[in-house]
Amino acid sequence: MKENICTIPVNEIFEVNDGCPICRMRNIIEAKYIDYITGPAMMEPDIRIETNRAGFCERHYGMMLTSGRARLPVALTLESHLIDVREKLLAKKPDKKTLDAIQTLENSCFVCEYIEPHLTRYIETICLSYRDDAEFRRLYEGQPYICLSHYRMLVQNGKKPLGREYDRFVEITRNLTRRYADSLQNDIAAFRDAFDYKNAGKPLAPEARTSIERTIEYLTARPCGDKSESGQ
Ligand SMILES: [Zn+2]
Ligand SMILES: [Zn+2]
């Protein structure tokens, strides 16, 4: 069962003005799916086949352990995954096929595989709302910024749903992404200047103090140092 386990009202996400709205949306999808996968779903045979095949990335293993659920379902999933790894990848002398399979496993994650297509579908909904709903356009254009990778996703997936509105949408979105990069660069420069002997003893502005973490979040679509928070 990999169908949509959560519906998110797009307008509600955009009524908030705090960071990248697509990151907020991703955080909700992610947290709900972690909740789902650490619940009874973990015992379903078809889910087990999939978690054995894909495994999880470090981030999502971390979230499974901090989601507040019991650790037993995680242990059962790991046990089953280990059996699969031993049988399929370690039972005989390594050949190219086996090593390729290990490398594929290193780069796959059951939760990441769920998030990507669902987020793309929500991005299509965002684009349709932008095309048809003036109030939503106002909310979209009032966002503080769009992070770099979600800028890429919006531009890549917007052409079909937006039609004639696409060029305007791209320009607005690029402005949201670029303007924030401008302000981050200023804040980073202010941080760097604070180390100049001429500025010794001067207080550091709050924007400069947080500039490194905020820039990393903008560039990676994840809060700096965050491995397990849902970010909601
Ligand atoms: Zn983002
Ligand atoms: Zn993952």
# chains A, B, ... in the order shown; residues from 1 in each chain; ligands from 1
$ residues_near_ligand --ligand "ligand 1" --cutoff "7 Å" --atoms "only C-alpha atoms and all ligand atoms" --output "compact mmCIF listing (two decimals) with all heavy atoms, in the first residue's frame"
# COMPACT_ATOMS: atom_id res chain seq x y z
N CYS A 20 10.85 28.11 3.36
CA CYS A 20 10.41 27.64 2.04
C CYS A 20 9.11 26.84 2.18
O CYS A 20 9.07 25.86 2.94
CB CYS A 20 11.51 26.79 1.42
SG CYS A 20 10.99 25.88 -0.04
N PRO A 21 8.05 27.21 1.47
CA PRO A 21 6.76 26.51 1.62
C PRO A 21 6.83 25.06 1.15
O PRO A 21 6.12 24.20 1.69
CB PRO A 21 5.80 27.31 0.75
CG PRO A 21 6.66 28.04 -0.23
CD PRO A 21 7.97 28.30 0.47
N ILE A 22 7.68 24.78 0.18
CA ILE A 22 7.76 23.39 -0.33
C ILE A 22 8.51 22.52 0.69
O ILE A 22 8.19 21.35 0.85
CB ILE A 22 8.45 23.33 -1.72
CG1 ILE A 22 7.91 24.43 -2.64
CG2 ILE A 22 8.28 21.95 -2.36
CD1 ILE A 22 6.45 24.34 -2.96
N CYS A 23 9.48 23.10 1.39
CA CYS A 23 10.12 22.36 2.49
C CYS A 23 9.07 22.02 3.56
O CYS A 23 9.05 20.91 4.08
CB CYS A 23 11.24 23.19 3.13
SG CYS A 23 12.77 23.26 2.19
N ILE A 146 11.91 30.62 -1.80
CA ILE A 146 11.85 29.21 -2.20
C ILE A 146 13.30 28.73 -2.21
O ILE A 146 14.17 29.39 -2.78
CB ILE A 146 11.27 29.04 -3.63
CG1 ILE A 146 9.92 29.75 -3.81
CG2 ILE A 146 11.21 27.58 -4.05
CD1 ILE A 146 8.71 29.02 -3.32
N CYS A 147 13.57 27.59 -1.56
CA CYS A 147 14.96 27.11 -1.52
C CYS A 147 15.40 26.63 -2.91
O CYS A 147 14.57 26.43 -3.80
CB CYS A 147 15.11 26.00 -0.47
SG CYS A 147 14.45 24.41 -1.00
N LEU A 148 16.69 26.41 -3.06
CA LEU A 148 17.23 26.18 -4.40
C LEU A 148 16.68 24.89 -5.05
O LEU A 148 16.28 24.91 -6.21
CB LEU A 148 18.77 26.12 -4.32
CG LEU A 148 19.50 26.19 -5.65
CD1 LEU A 148 19.18 27.48 -6.41
CD2 LEU A 148 21.01 26.07 -5.43
N SER A 149 16.64 23.79 -4.32
CA SER A 149 16.18 22.56 -4.99
C SER A 149 14.68 22.59 -5.25
O SER A 149 14.22 22.01 -6.24
CB SER A 149 16.60 21.30 -4.23
OG SER A 149 16.39 21.44 -2.87
N HIS A 150 13.90 23.28 -4.42
CA HIS A 150 12.47 23.36 -4.70
C HIS A 150 12.18 24.37 -5.81
O HIS A 150 11.19 24.22 -6.53
CB HIS A 150 11.70 23.61 -3.40
CG HIS A 150 11.75 22.42 -2.50
ND1 HIS A 150 11.91 22.51 -1.14
CD2 HIS A 150 11.73 21.09 -2.80
CE1 HIS A 150 11.95 21.26 -0.63
NE2 HIS A 150 11.85 20.41 -1.62
N ALA A 221 17.93 22.40 1.38
CA ALA A 221 16.51 22.15 1.66
C ALA A 221 16.29 21.45 3.00
O ALA A 221 15.24 20.83 3.23
CB ALA A 221 15.83 21.36 0.53
$ residues_near_ligand --ligand "ligand 2" --cutoff "9 Å" --atoms "only C-alpha atoms and all ligand atoms" --output "ChimeraX atom specification"
/A:55-61,107-115
$ residues_around --residues "region 73-83 of chain A" --least-positions-apart "4" --cutoff "8 Å" --atoms "only C-alpha atoms" --output "ChimeraX atom specification"
/A:38-39,42-43,48,51-53,55,64-65,87
$ write_last_selection --atoms "all heavy atoms" --output "compact mmCIF listing (two decimals), in the first residue's frame"
# COMPACT_ATOMS: atom_id res chain seq x y z
N THR A 38 6.09 3.30 10.74
CA THR A 38 6.49 2.74 12.05
C THR A 38 5.27 2.21 12.82
O THR A 38 5.39 1.80 13.95
CB THR A 38 7.22 3.79 12.91
OG1 THR A 38 6.44 4.98 12.94
CG2 THR A 38 8.59 4.11 12.37
N GLY A 39 4.12 2.22 12.16
CA GLY A 39 2.91 1.66 12.76
C GLY A 39 2.65 0.26 12.23
O GLY A 39 3.58 -0.43 11.80
N MET A 42 4.19 -1.70 9.05
CA MET A 42 5.47 -2.39 9.02
C MET A 42 5.33 -3.91 8.94
O MET A 42 6.22 -4.60 8.51
CB MET A 42 6.28 -2.04 10.27
CG MET A 42 7.44 -1.16 9.93
SD MET A 42 8.42 -0.82 11.37
CE MET A 42 9.55 0.35 10.65
N MET A 43 4.19 -4.41 9.43
CA MET A 43 3.99 -5.85 9.44
C MET A 43 3.37 -6.38 8.14
O MET A 43 3.27 -7.58 7.94
CB MET A 43 3.05 -6.23 10.61
CG MET A 43 3.48 -5.68 11.95
SD MET A 43 5.10 -6.32 12.40
CE MET A 43 5.56 -5.20 13.70
N ARG A 48 6.87 -5.09 3.61
CA ARG A 48 8.13 -5.71 4.01
C ARG A 48 9.01 -6.02 2.79
O ARG A 48 10.22 -5.80 2.81
CB ARG A 48 7.82 -7.01 4.80
CG ARG A 48 9.02 -7.65 5.43
CD ARG A 48 9.72 -6.74 6.41
NE ARG A 48 8.90 -6.36 7.55
CZ ARG A 48 8.77 -7.08 8.66
NH1 ARG A 48 9.39 -8.23 8.77
NH2 ARG A 48 8.04 -6.64 9.66
N THR A 51 10.48 -2.67 1.84
CA THR A 51 11.51 -2.14 2.75
C THR A 51 12.77 -3.01 2.69
O THR A 51 13.87 -2.50 2.82
CB THR A 51 11.00 -2.02 4.21
OG1 THR A 51 10.55 -3.29 4.66
CG2 THR A 51 9.89 -1.01 4.35
N ASN A 52 12.60 -4.31 2.43
CA ASN A 52 13.78 -5.17 2.22
C ASN A 52 14.56 -4.74 0.99
O ASN A 52 15.78 -4.72 0.98
CB ASN A 52 13.36 -6.63 2.06
CG ASN A 52 13.01 -7.28 3.39
OD1 ASN A 52 13.27 -6.72 4.46
ND2 ASN A 52 12.40 -8.43 3.33
N ARG A 53 13.83 -4.43 -0.06
CA ARG A 53 14.48 -4.05 -1.32
C ARG A 53 15.19 -2.70 -1.20
O ARG A 53 16.37 -2.57 -1.55
CB ARG A 53 13.43 -3.96 -2.45
CG ARG A 53 14.00 -3.47 -3.78
CD ARG A 53 12.90 -3.09 -4.76
NE ARG A 53 12.01 -2.03 -4.29
CZ ARG A 53 12.31 -0.74 -4.26
NH1 ARG A 53 13.47 -0.32 -4.68
NH2 ARG A 53 11.44 0.15 -3.81
N GLY A 55 15.49 -0.52 1.65
CA GLY A 55 16.12 -0.05 2.89
C GLY A 55 15.71 1.39 3.18
O GLY A 55 14.69 1.88 2.67
N MET A 64 12.76 7.34 12.12
CA MET A 64 11.98 6.19 12.61
C MET A 64 12.24 5.96 14.10
O MET A 64 11.35 5.57 14.85
CB MET A 64 12.35 4.93 11.81
CG MET A 64 11.71 4.92 10.43
SD MET A 64 12.61 3.88 9.25
CE MET A 64 12.37 2.28 9.94
N LEU A 65 13.46 6.21 14.51
CA LEU A 65 13.81 5.98 15.92
C LEU A 65 13.35 7.11 16.84
O LEU A 65 13.20 6.92 18.03
CB LEU A 65 15.32 5.81 16.07
CG LEU A 65 15.89 4.53 15.46
CD1 LEU A 65 17.40 4.49 15.63
CD2 LEU A 65 15.27 3.29 16.09
N GLU A 87 21.21 -13.10 2.28
CA GLU A 87 20.87 -14.07 1.23
C GLU A 87 21.21 -13.57 -0.16
O GLU A 87 21.72 -14.31 -1.00
CB GLU A 87 19.37 -14.41 1.30
CG GLU A 87 19.04 -15.39 2.41
CD GLU A 87 17.55 -15.61 2.56
OE1 GLU A 87 16.77 -15.02 1.77
OE2 GLU A 87 17.16 -16.37 3.47
$ atom_distance --atom1 "CA of Ser67 (chain A)" --atom2 "CA of Thr215 (chain A)"
27.1 Å
$ closest_residue --among "A:Gly68, A:Pro117, A:Gly62, A:Pro144" --to "Ala181 (chain A)" --atoms "only C-alpha atoms"
A:Pro144
